[in-house]
$ cat upload.csv   # CSV, C-alpha atoms
chain,number,residue,atom,x,y,z
C,1,MET,CA,-30.2,-8.4,15.3
C,2,THR,CA,-32.2,-9.2,12.1
C,3,ASN,CA,-32.4,-12.6,10.5
C,4,ASN,CA,-30.1,-11.4,7.8
C,5,GLN,CA,-27.6,-10.2,10.3
C,6,ALA,CA,-27.7,-13.5,12.2
C,7,THR,CA,-26.7,-15.5,9.1
C,8,SER,CA,-24.1,-13.0,7.7
C,9,PRO,CA,-20.4,-14.0,8.0
C,10,VAL,CA,-18.3,-13.3,11.1
C,11,ALA,CA,-14.7,-11.9,11.3
C,12,ILE,CA,-12.6,-11.9,14.5
C,13,ILE,CA,-10.0,-9.1,14.6
C,14,THR,CA,-7.5,-9.1,17.4
C,15,GLY,CA,-5.7,-5.9,18.4
C,16,ALA,CA,-8.9,-4.1,17.2
C,17,ALA,CA,-9.0,-1.1,19.4
C,18,ARG,CA,-6.8,1.1,17.2
C,19,GLY,CA,-4.8,1.5,14.1
C,20,ILE,CA,-4.8,-1.4,11.6
C,21,GLY,CA,-7.2,-3.5,13.7
C,22,LEU,CA,-9.8,-0.8,13.9
C,23,ALA,CA,-9.5,0.0,10.2
C,24,THR,CA,-9.8,-3.7,9.4
C,25,SER,CA,-12.9,-4.0,11.6
C,26,GLU,CA,-14.4,-1.1,9.5
C,27,TRP,CA,-13.5,-2.9,6.2
C,28,PHE,CA,-15.4,-6.1,7.3
C,29,LEU,CA,-18.4,-4.1,8.5
C,30,ALA,CA,-18.5,-2.3,5.1
C,31,HIS,CA,-18.5,-5.7,3.4
C,32,GLY,CA,-21.4,-7.2,5.2
C,33,TYR,CA,-19.7,-9.0,8.1
C,34,ARG,CA,-20.5,-9.1,11.7
C,35,VAL,CA,-17.3,-8.4,13.6
C,36,ALA,CA,-15.8,-9.6,16.9
C,37,MET,CA,-13.4,-6.8,18.0
C,38,ILE,CA,-10.8,-8.2,20.4
C,39,ASP,CA,-8.2,-6.3,22.4
C,40,VAL,CA,-6.4,-6.6,25.8
C,41,ASP,CA,-7.2,-2.9,26.5
C,42,GLY,CA,-10.8,-3.0,27.5
C,43,THR,CA,-11.3,0.7,27.8
C,44,ALA,CA,-9.9,1.5,24.4
C,45,LEU,CA,-11.8,-1.4,22.9
C,46,ARG,CA,-15.2,-0.2,24.2
C,47,GLU,CA,-14.5,3.3,22.8
C,48,ALA,CA,-13.5,1.8,19.4
C,49,ALA,CA,-16.5,-0.6,19.2
C,50,ALA,CA,-18.8,2.3,19.9
C,51,SER,CA,-17.1,4.5,17.2
C,52,VAL,CA,-17.5,2.2,14.2
C,53,SER,CA,-19.9,2.7,11.4
C,54,ASP,CA,-22.4,0.1,12.6
C,55,PRO,CA,-22.0,-0.9,16.3
C,56,THR,CA,-25.0,-3.1,16.1
C,57,ARG,CA,-23.0,-5.7,14.2
C,58,VAL,CA,-20.0,-5.6,16.6
C,59,LEU,CA,-19.2,-7.8,19.6
C,60,GLY,CA,-16.3,-6.4,21.6
C,61,LEU,CA,-14.4,-8.8,23.9
C,62,ASP,CA,-11.4,-8.2,26.2
C,63,CYS,CA,-8.8,-10.9,25.7
C,64,ASP,CA,-5.0,-11.4,26.2
C,65,VAL,CA,-4.2,-13.5,23.1
C,66,SER,CA,-1.1,-14.9,24.8
C,67,ASP,CA,-3.3,-16.6,27.4
C,68,PRO,CA,-4.7,-20.0,26.3
C,69,ALA,CA,-7.6,-19.9,28.7
C,70,GLN,CA,-8.6,-16.4,27.7
C,71,VAL,CA,-8.4,-17.3,24.0
C,72,ASP,CA,-10.6,-20.4,24.4
C,73,ALA,CA,-13.1,-18.4,26.4
C,74,MET,CA,-13.2,-15.6,23.8
C,75,VAL,CA,-13.7,-17.9,20.8
C,76,GLY,CA,-16.4,-19.8,22.8
C,77,GLN,CA,-18.2,-16.5,23.3
C,78,VAL,CA,-18.0,-15.6,19.6
C,79,SER,CA,-19.2,-19.0,18.6
C,80,ASP,CA,-22.1,-19.0,21.1
C,81,ARG,CA,-23.2,-15.4,20.4
C,82,LEU,CA,-22.6,-15.1,16.7
C,83,GLY,CA,-22.9,-18.7,15.6
C,84,ARG,CA,-20.0,-19.0,13.2
C,85,ILE,CA,-16.4,-17.8,12.4
C,86,ASP,CA,-15.5,-17.1,8.7
C,87,ALA,CA,-12.4,-15.0,9.0
C,88,LEU,CA,-9.7,-14.5,11.6
C,89,VAL,CA,-7.2,-11.6,11.5
C,90,ASN,CA,-4.3,-12.2,13.9
C,91,ASN,CA,-3.3,-8.5,14.3
C,92,ALA,CA,-2.6,-8.2,18.0
C,93,GLY,CA,1.1,-7.4,18.6
C,94,VAL,CA,3.6,-5.7,20.8
C,95,ALA,CA,7.2,-4.4,20.3
C,96,VAL,CA,10.3,-3.8,22.4
C,97,PHE,CA,12.8,-1.6,20.6
C,98,LYS,CA,16.1,-2.1,22.4
C,99,PRO,CA,19.6,-3.1,21.4
C,100,LEU,CA,20.1,-6.9,21.3
C,101,LEU,CA,22.4,-6.9,24.3
C,102,GLU,CA,20.0,-4.8,26.4
C,103,THR,CA,16.9,-6.8,25.6
C,104,SER,CA,16.0,-8.9,28.6
C,105,PHE,CA,14.7,-12.5,28.4
C,106,GLN,CA,11.4,-11.4,29.9
C,107,GLU,CA,11.0,-8.8,27.2
C,108,TRP,CA,11.9,-11.3,24.5
C,109,ARG,CA,9.4,-13.8,25.8
C,110,HIS,CA,6.6,-11.2,26.1
C,111,VAL,CA,7.0,-10.2,22.5
C,112,PHE,CA,7.0,-13.8,21.3
C,113,ALA,CA,4.0,-14.6,23.6
C,114,VAL,CA,1.8,-12.0,22.0
C,115,ASN,CA,3.1,-11.9,18.4
C,116,LEU,CA,3.7,-15.6,17.8
C,117,ASP,CA,1.9,-17.6,20.5
C,118,GLY,CA,-1.2,-15.4,20.1
C,119,ALA,CA,-1.5,-16.3,16.4
C,120,PHE,CA,-0.9,-20.0,17.2
C,121,LEU,CA,-3.5,-20.0,20.0
C,122,CYS,CA,-6.2,-18.0,18.1
C,123,THR,CA,-5.9,-20.2,15.0
C,124,GLN,CA,-6.1,-23.4,17.0
C,125,ALA,CA,-9.2,-22.2,18.8
C,126,CYS,CA,-11.0,-20.7,15.7
C,127,ALA,CA,-10.3,-23.4,13.1
C,128,PRO,CA,-12.7,-26.0,14.5
C,129,VAL,CA,-15.5,-23.4,14.5
C,130,MET,CA,-14.6,-22.4,10.9
C,131,LEU,CA,-14.8,-26.0,9.8
C,132,ARG,CA,-18.4,-26.4,11.0
C,133,ASN,CA,-19.4,-24.1,8.0
C,134,GLY,CA,-16.9,-25.5,5.5
C,135,GLY,CA,-13.8,-23.4,6.2
C,136,GLY,CA,-12.6,-19.9,6.2
C,137,SER,CA,-9.7,-17.6,5.9
C,138,ILE,CA,-6.9,-16.5,8.3
C,139,VAL,CA,-4.6,-13.6,7.9
C,140,ASN,CA,-1.5,-13.2,10.1
C,141,ILE,CA,-0.1,-9.7,10.4
C,142,ALA,CA,3.6,-10.0,10.2
C,143,SER,CA,5.9,-7.0,9.4
C,144,ILE,CA,8.6,-5.8,7.1
C,145,SER,CA,10.8,-6.3,10.1
C,146,GLY,CA,10.3,-10.1,9.7
C,147,LEU,CA,11.9,-9.8,6.3
C,148,ARG,CA,14.6,-7.2,6.8
C,149,ALA,CA,16.8,-7.1,9.9
C,150,SER,CA,17.4,-3.7,11.5
C,151,THR,CA,18.7,-2.3,14.7
C,152,LEU,CA,16.6,-2.4,17.9
C,153,ARG,CA,14.2,-5.1,16.6
C,154,VAL,CA,15.8,-8.4,17.7
C,155,ALA,CA,12.6,-9.6,19.5
C,156,TYR,CA,10.0,-7.9,17.3
C,157,GLY,CA,11.7,-8.8,14.0
C,158,THR,CA,12.4,-12.3,14.9
C,159,SER,CA,8.9,-12.9,16.2
C,160,LYS,CA,7.5,-11.6,12.9
C,161,ALA,CA,9.9,-13.8,10.8
C,162,ALA,CA,8.7,-16.8,12.9
C,163,LEU,CA,5.1,-15.7,12.2
C,164,ILE,CA,5.7,-15.8,8.5
C,165,HIS,CA,6.8,-19.4,8.7
C,166,LEU,CA,4.0,-20.3,11.1
C,167,THR,CA,1.7,-19.0,8.3
C,168,LYS,CA,3.1,-21.6,5.9
C,169,GLN,CA,2.8,-24.4,8.4
C,170,GLN,CA,-0.8,-23.4,9.1
C,171,ALA,CA,-1.6,-23.1,5.4
C,172,VAL,CA,-0.2,-26.6,4.5
C,173,GLU,CA,-2.1,-28.3,7.3
C,174,LEU,CA,-5.4,-26.4,7.2
C,175,GLY,CA,-5.6,-25.8,3.5
C,176,ASN,CA,-6.8,-29.3,2.7
C,177,GLN,CA,-9.6,-28.8,5.2
C,178,GLY,CA,-10.8,-25.6,3.6
C,179,ILE,CA,-9.1,-23.0,5.6
C,180,ARG,CA,-6.7,-20.6,3.8
C,181,VAL,CA,-3.9,-19.0,5.8
C,182,ASN,CA,-1.9,-16.1,4.5
C,183,ALA,CA,0.2,-13.3,6.0
C,184,ILE,CA,0.9,-9.7,5.2
C,185,SER,CA,4.0,-7.7,6.1
C,186,PRO,CA,3.2,-4.0,6.4
C,187,GLY,CA,5.9,-1.5,6.0
C,188,PRO,CA,5.7,1.8,8.0
C,189,VAL,CA,2.0,2.7,8.5
C,190,ASP,CA,0.7,6.1,9.5
C,191,THR,CA,-1.0,5.2,12.7
C,192,ALA,CA,-1.4,7.4,15.8
C,193,MET,CA,1.4,5.5,17.5
C,194,ALA,CA,3.8,6.0,14.5
C,195,LYS,CA,3.0,9.7,14.6
C,196,GLN,CA,4.0,9.8,18.2
C,197,VAL,CA,7.2,7.8,18.1
C,198,HIS,CA,8.6,8.6,14.6
C,199,SER,CA,10.5,11.8,14.6
C,200,ALA,CA,10.7,14.0,11.5
C,201,ALA,CA,14.2,12.6,10.8
C,202,ILE,CA,12.9,9.0,11.0
C,203,ARG,CA,10.0,9.8,8.7
C,204,ALA,CA,12.3,11.4,6.2
C,205,ASP,CA,14.5,8.3,6.3
C,206,TYR,CA,11.5,6.0,5.6
C,207,HIS,CA,10.3,8.3,2.8
C,208,ASP,CA,13.7,8.1,1.2
C,209,ALA,CA,13.9,4.3,1.5
C,210,ILE,CA,10.4,3.5,0.2
C,211,PRO,CA,9.8,3.8,-3.6
C,212,LEU,CA,6.3,5.2,-3.1
C,213,ASN,CA,7.9,7.9,-0.9
C,214,ARG,CA,5.3,7.7,1.9
C,215,TYR,CA,3.9,5.7,4.7
C,216,GLY,CA,0.9,3.4,4.1
C,217,THR,CA,-2.4,4.1,5.7
C,218,PRO,CA,-4.4,1.7,8.0
C,219,GLU,CA,-7.1,1.6,5.4
C,220,GLU,CA,-4.7,0.4,2.7
C,221,ILE,CA,-3.5,-2.4,5.0
C,222,ALA,CA,-7.1,-3.3,5.9
C,223,ALA,CA,-8.0,-3.5,2.2
C,224,THR,CA,-5.2,-6.0,1.6
C,225,ILE,CA,-6.4,-8.1,4.5
C,226,GLY,CA,-9.9,-8.0,3.2
C,227,PHE,CA,-8.8,-9.1,-0.2
C,228,LEU,CA,-7.0,-12.1,1.2
C,229,CYS,CA,-10.2,-13.1,3.1
C,230,SER,CA,-12.4,-12.5,0.1
C,231,PRO,CA,-13.5,-14.9,-2.7
C,232,ALA,CA,-11.2,-13.0,-5.0
C,233,ALA,CA,-8.3,-14.7,-3.2
C,234,SER,CA,-9.9,-18.1,-3.2
C,235,TYR,CA,-6.7,-19.8,-4.6
C,236,VAL,CA,-4.2,-17.9,-2.5
C,237,ASN,CA,-2.8,-19.9,0.4
C,238,GLY,CA,0.4,-20.0,2.3
C,239,GLN,CA,1.6,-16.7,0.9
C,240,MET,CA,3.3,-13.6,2.4
C,241,LEU,CA,2.4,-10.3,0.8
C,242,ALA,CA,4.6,-7.3,1.6
C,243,THR,CA,2.3,-4.3,1.8
C,244,ASP,CA,5.1,-1.8,2.0
C,245,GLY,CA,5.2,0.6,-0.9
C,246,GLY,CA,8.2,-1.3,-2.3
C,247,PHE,CA,10.4,-1.0,0.8
C,248,ASP,CA,11.5,-4.7,0.7
C,249,ALA,CA,12.0,-4.7,-3.1
C,250,ALA,CA,14.3,-1.7,-2.9
C,251,GLY,CA,17.0,-3.5,-0.9
C,252,ILE,CA,19.6,-1.2,0.7
C,253,GLY,CA,19.0,1.6,-1.7
C,254,LEU,CA,21.5,4.3,-2.6
C,255,PRO,CA,20.1,7.9,-2.0
C,256,THR,CA,22.8,9.4,-4.3
C,257,LEU,CA,21.8,7.3,-7.3
C,258,ARG,CA,18.1,7.9,-6.7
C,259,ARG,CA,18.7,11.7,-6.6
C,260,ASP,CA,20.7,11.4,-9.9

$ encode --input "upload.csv" --output "structure tokens"
Amino acid sequence: MTNNQATSPVAIITGAARGIGLATSEWFLAHGYRVAMIDVDGTALREAAASVSDPTRVLGLDCDVSDPAQVDAMVGQVSDRLGRIDALVNNAGVAVFKPLLETSFQEWRHVFAVNLDGAFLCTQACAPVMLRNGGGSIVNIASISGLRASTLRVAYGTSKAALIHLTKQQAVELGNQGIRVNAISPGPVDTAMAKQVHSAAIRADYHDAIPLNRYGTPEEIAATIGFLCSPAASYVNGQMLATDGGFDAAGIGLPTLRRD
């Protein structure tokens, strides 16, 4: 690592092995950051860390963000090995898609442990390190499901709604210390997982409901995250930005009226 690399800013990305997390890691690398890529799936993480544009500026660490001890150990390693933390992207998340009455308490708790507890724990662990260099920026990855209720998403949607409010709490308390905290709520994103689980009929339904008439890309979500962590967003704090092609703005929509 060169001297220039040793003093460049550092971003931690959780859930970095694929999809939005991997694209976000590439965004930060392209903008001069060193990146700590974090994921619970160690095998996929190592493959992802080796595949990025500049692996020499990447530190890959296995971590279950719902486990306080693992989170503390992970942040300690990042601090010791990279020397600073300037940005944190709480992207790690899980989902259980079942009817409300069929969702077990164990499934409910697992979703909340990763999606909500993970962001709480990572922020608590990272903030003191950020403050050593005057502050930083945190972006929590919520979801359009945290704004709009829909079937089969009682645990996932509720956890993301709670994450949006946690963002506001974090922004109010950390903002006066120099740490900005914001959230984004992606709509449907064209990830490998979406391609596997969204049937042609589901994709057509989403296209019909979204004014831009398409899914977003991981790179578009990553660019939004990067903006919120950049000096261009220096006065943005405690906000939720729906990165959804207009899905939330469109409300229920009426296909007949749109066709006419």

$ residues_around --input "upload.csv" --residues "C:Ala36" --least-positions-apart "6" --cutoff "10 Å" --atoms "only C-alpha atoms" --output "list in words"
Val10, Ala11, Ile12, Ile13, Thr14, Ala16, Ser25, Ala49, Arg57, Val58, Leu59, Gly60, Leu61, Met74, Val75, Gln77, Val78, Leu82, Ile85 and Leu88 of chain C

$ write_last_selection --input "upload.csv" --atoms "C-alpha atoms" --output "PDB file, in the coordinates of the input"
ATOM      1  CA  VAL C  10     -18.300 -13.300  11.100  1.00  0.00           C
ATOM      2  CA  ALA C  11     -14.700 -11.900  11.300  1.00  0.00           C
ATOM      3  CA  ILE C  12     -12.600 -11.900  14.500  1.00  0.00           C
ATOM      4  CA  ILE C  13     -10.000  -9.100  14.600  1.00  0.00           C
ATOM      5  CA  THR C  14      -7.500  -9.100  17.400  1.00  0.00           C
ATOM      6  CA  ALA C  16      -8.900  -4.100  17.200  1.00  0.00           C
ATOM      7  CA  SER C  25     -12.900  -4.000  11.600  1.00  0.00           C
ATOM      8  CA  ALA C  49     -16.500  -0.600  19.200  1.00  0.00           C
ATOM      9  CA  ARG C  57     -23.000  -5.700  14.200  1.00  0.00           C
ATOM     10  CA  VAL C  58     -20.000  -5.600  16.600  1.00  0.00           C
ATOM     11  CA  LEU C  59     -19.200  -7.800  19.600  1.00  0.00           C
ATOM     12  CA  GLY C  60     -16.300  -6.400  21.600  1.00  0.00           C
ATOM     13  CA  LEU C  61     -14.400  -8.800  23.900  1.00  0.00           C
ATOM     14  CA  MET C  74     -13.200 -15.600  23.800  1.00  0.00           C
ATOM     15  CA  VAL C  75     -13.700 -17.900  20.800  1.00  0.00           C
ATOM     16  CA  GLN C  77     -18.200 -16.500  23.300  1.00  0.00           C
ATOM     17  CA  VAL C  78     -18.000 -15.600  19.600  1.00  0.00           C
ATOM     18  CA  LEU C  82     -22.600 -15.100  16.700  1.00  0.00           C
ATOM     19  CA  ILE C  85     -16.400 -17.800  12.400  1.00  0.00           C
ATOM     20  CA  LEU C  88      -9.700 -14.500  11.600  1.00  0.00           C
TER      21      LEU C  88
END

$ residues_around --input "upload.csv" --residues "C:Thr103" --least-positions-apart "5" --cutoff "9 Å" --atoms "all atoms listed in the file" --output "PyMOL selection string"
chain C and resi 96-98+108+152+154-155

$ residues_around --input "upload.csv" --residues "stretch 167-173 of chain C" --least-positions-apart "2" --cutoff "7 Å" --atoms "only C-alpha atoms" --output "ChimeraX atom specification"
/C:140,163-165,175-176,180-183,237-238

$ atom_distance --input "upload.csv" --atom1 "atom CA of C:Ile179" --atom2 "atom CA of C:Gly135"
4.8 Å

$ residues_around --input "upload.csv" --residues "C:Val189" --least-positions-apart "6" --cutoff "8 Å" --atoms "only C-alpha atoms" --output "ChimeraX atom specification"
/C:215-218

$ write_last_selection --input "upload.csv" --atoms "C-alpha atoms" --output "mmCIF file, keeping the file's coordinate frame"
data_model
loop_
_atom_site.group_PDB
_atom_site.id
_atom_site.type_symbol
_atom_site.label_atom_id
_atom_site.label_comp_id
_atom_site.auth_asym_id
_atom_site.auth_seq_id
_atom_site.Cartn_x
_atom_site.Cartn_y
_atom_site.Cartn_z
ATOM 1 C CA TYR C 215 3.900 5.700 4.700
ATOM 2 C CA GLY C 216 0.900 3.400 4.100
ATOM 3 C CA THR C 217 -2.400 4.100 5.700
ATOM 4 C CA PRO C 218 -4.400 1.700 8.000
#

$ atom_distance --input "upload.csv" --atom1 "atom CA of C:Tyr235" --atom2 "atom CA of C:Ala30"
23.2 Å

$ closest_residue --input "upload.csv" --among "C:Glu220, C:Leu29, C:Ala50, C:Cys126" --to "C:Val71" --atoms "all atoms listed in the file"
C:Cys126

$ decode --input "upload.csv" --residues "stretch 111-142 of chain C" --atoms "N, CA and C atoms" --output "PDB file, in the first residue's frame"
ATOM      1  N   VAL C 111     -35.195 -11.528  10.582  1.00  0.00           N
ATOM      2  CA  VAL C 111     -35.226 -10.386   9.666  1.00  0.00           C
ATOM      3  C   VAL C 111     -34.887  -9.102  10.406  1.00  0.00           C
ATOM      4  N   PHE C 112     -35.465  -8.906  11.569  1.00  0.00           N
ATOM      5  CA  PHE C 112     -35.178  -7.690  12.336  1.00  0.00           C
ATOM      6  C   PHE C 112     -33.735  -7.674  12.831  1.00  0.00           C
ATOM      7  N   ALA C 113     -33.209  -8.837  13.210  1.00  0.00           N
ATOM      8  CA  ALA C 113     -31.841  -8.894  13.727  1.00  0.00           C
ATOM      9  C   ALA C 113     -30.833  -8.414  12.690  1.00  0.00           C
ATOM     10  N   VAL C 114     -31.022  -8.811  11.441  1.00  0.00           N
ATOM     11  CA  VAL C 114     -30.084  -8.404  10.388  1.00  0.00           C
ATOM     12  C   VAL C 114     -30.400  -6.994   9.898  1.00  0.00           C
ATOM     13  N   ASN C 115     -31.655  -6.746   9.533  1.00  0.00           N
ATOM     14  CA  ASN C 115     -32.003  -5.497   8.854  1.00  0.00           C
ATOM     15  C   ASN C 115     -31.989  -4.283   9.768  1.00  0.00           C
ATOM     16  N   LEU C 116     -32.381  -4.447  11.016  1.00  0.00           N
ATOM     17  CA  LEU C 116     -32.468  -3.314  11.939  1.00  0.00           C
ATOM     18  C   LEU C 116     -31.342  -3.340  12.968  1.00  0.00           C
ATOM     19  N   ASP C 117     -31.197  -4.470  13.670  1.00  0.00           N
ATOM     20  CA  ASP C 117     -30.134  -4.556  14.668  1.00  0.00           C
ATOM     21  C   ASP C 117     -28.773  -4.360  14.018  1.00  0.00           C
ATOM     22  N   GLY C 118     -28.594  -4.891  12.809  1.00  0.00           N
ATOM     23  CA  GLY C 118     -27.307  -4.773  12.133  1.00  0.00           C
ATOM     24  C   GLY C 118     -26.911  -3.326  11.904  1.00  0.00           C
ATOM     25  N   ALA C 119     -27.850  -2.513  11.449  1.00  0.00           N
ATOM     26  CA  ALA C 119     -27.559  -1.096  11.221  1.00  0.00           C
ATOM     27  C   ALA C 119     -27.299  -0.369  12.536  1.00  0.00           C
ATOM     28  N   PHE C 120     -28.036  -0.737  13.568  1.00  0.00           N
ATOM     29  CA  PHE C 120     -27.831  -0.155  14.900  1.00  0.00           C
ATOM     30  C   PHE C 120     -26.433  -0.483  15.413  1.00  0.00           C
ATOM     31  N   LEU C 121     -26.058  -1.754  15.337  1.00  0.00           N
ATOM     32  CA  LEU C 121     -24.770  -2.190  15.873  1.00  0.00           C
ATOM     33  C   LEU C 121     -23.593  -1.621  15.082  1.00  0.00           C
ATOM     34  N   CYS C 122     -23.679  -1.660  13.764  1.00  0.00           N
ATOM     35  CA  CYS C 122     -22.574  -1.162  12.938  1.00  0.00           C
ATOM     36  C   CYS C 122     -22.376   0.334  13.130  1.00  0.00           C
ATOM     37  N   THR C 123     -23.467   1.072  13.239  1.00  0.00           N
ATOM     38  CA  THR C 123     -23.362   2.519  13.455  1.00  0.00           C
ATOM     39  C   THR C 123     -22.733   2.807  14.807  1.00  0.00           C
ATOM     40  N   GLN C 124     -23.181   2.116  15.846  1.00  0.00           N
ATOM     41  CA  GLN C 124     -22.598   2.333  17.172  1.00  0.00           C
ATOM     42  C   GLN C 124     -21.110   2.032  17.194  1.00  0.00           C
ATOM     43  N   ALA C 125     -20.701   0.987  16.483  1.00  0.00           N
ATOM     44  CA  ALA C 125     -19.289   0.611  16.489  1.00  0.00           C
ATOM     45  C   ALA C 125     -18.440   1.545  15.640  1.00  0.00           C
ATOM     46  N   CYS C 126     -18.983   2.015  14.523  1.00  0.00           N
ATOM     47  CA  CYS C 126     -18.203   2.841  13.595  1.00  0.00           C
ATOM     48  C   CYS C 126     -18.115   4.305  14.014  1.00  0.00           C
ATOM     49  N   ALA C 127     -19.151   4.822  14.632  1.00  0.00           N
ATOM     50  CA  ALA C 127     -19.199   6.262  14.916  1.00  0.00           C
ATOM     51  C   ALA C 127     -17.991   6.755  15.712  1.00  0.00           C
ATOM     52  N   PRO C 128     -17.573   6.090  16.777  1.00  0.00           N
ATOM     53  CA  PRO C 128     -16.406   6.599  17.505  1.00  0.00           C
ATOM     54  C   PRO C 128     -15.144   6.667  16.653  1.00  0.00           C
ATOM     55  N   VAL C 129     -14.981   5.708  15.726  1.00  0.00           N
ATOM     56  CA  VAL C 129     -13.811   5.733  14.846  1.00  0.00           C
ATOM     57  C   VAL C 129     -13.927   6.892  13.867  1.00  0.00           C
ATOM     58  N   MET C 130     -15.125   7.126  13.330  1.00  0.00           N
ATOM     59  CA  MET C 130     -15.340   8.262  12.434  1.00  0.00           C
ATOM     60  C   MET C 130     -14.987   9.577  13.121  1.00  0.00           C
ATOM     61  N   LEU C 131     -15.381   9.701  14.372  1.00  0.00           N
ATOM     62  CA  LEU C 131     -15.204  10.964  15.079  1.00  0.00           C
ATOM     63  C   LEU C 131     -13.737  11.305  15.319  1.00  0.00           C
ATOM     64  N   ARG C 132     -12.858  10.313  15.296  1.00  0.00           N
ATOM     65  CA  ARG C 132     -11.432  10.597  15.471  1.00  0.00           C
ATOM     66  C   ARG C 132     -10.891  11.481  14.356  1.00  0.00           C
ATOM     67  N   ASN C 133     -11.547  11.418  13.172  1.00  0.00           N
ATOM     68  CA  ASN C 133     -11.119  12.246  12.036  1.00  0.00           C
ATOM     69  C   ASN C 133     -12.139  13.320  11.699  1.00  0.00           C
ATOM     70  N   GLY C 134     -12.995  13.649  12.658  1.00  0.00           N
ATOM     71  CA  GLY C 134     -13.905  14.777  12.491  1.00  0.00           C
ATOM     72  C   GLY C 134     -15.292  14.429  12.014  1.00  0.00           C
ATOM     73  N   GLY C 135     -15.588  13.153  11.752  1.00  0.00           N
ATOM     74  CA  GLY C 135     -16.944  12.792  11.345  1.00  0.00           C
ATOM     75  C   GLY C 135     -16.958  11.891  10.131  1.00  0.00           C
ATOM     76  N   GLY C 136     -18.119  11.815   9.495  1.00  0.00           N
ATOM     77  CA  GLY C 136     -18.267  10.948   8.338  1.00  0.00           C
ATOM     78  C   GLY C 136     -19.706  10.911   7.884  1.00  0.00           C
ATOM     79  N   SER C 137     -20.023   9.895   7.105  1.00  0.00           N
ATOM     80  CA  SER C 137     -21.371   9.765   6.552  1.00  0.00           C
ATOM     81  C   SER C 137     -21.815   8.313   6.623  1.00  0.00           C
ATOM     82  N   ILE C 138     -23.085   8.123   6.975  1.00  0.00           N
ATOM     83  CA  ILE C 138     -23.678   6.789   7.057  1.00  0.00           C
ATOM     84  C   ILE C 138     -24.908   6.760   6.164  1.00  0.00           C
ATOM     85  N   VAL C 139     -25.047   5.705   5.398  1.00  0.00           N
ATOM     86  CA  VAL C 139     -26.248   5.508   4.586  1.00  0.00           C
ATOM     87  C   VAL C 139     -26.845   4.152   4.932  1.00  0.00           C
ATOM     88  N   ASN C 140     -28.097   4.158   5.358  1.00  0.00           N
ATOM     89  CA  ASN C 140     -28.832   2.932   5.639  1.00  0.00           C
ATOM     90  C   ASN C 140     -29.666   2.560   4.411  1.00  0.00           C
ATOM     91  N   ILE C 141     -29.607   1.298   4.009  1.00  0.00           N
ATOM     92  CA  ILE C 141     -30.360   0.862   2.841  1.00  0.00           C
ATOM     93  C   ILE C 141     -31.690   0.285   3.308  1.00  0.00           C
ATOM     94  N   ALA C 142     -32.730   1.087   3.165  1.00  0.00           N
ATOM     95  CA  ALA C 142     -34.082   0.670   3.510  1.00  0.00           C
ATOM     96  C   ALA C 142     -34.707   0.016   2.279  1.00  0.00           C
TER      97      ALA C 142
END
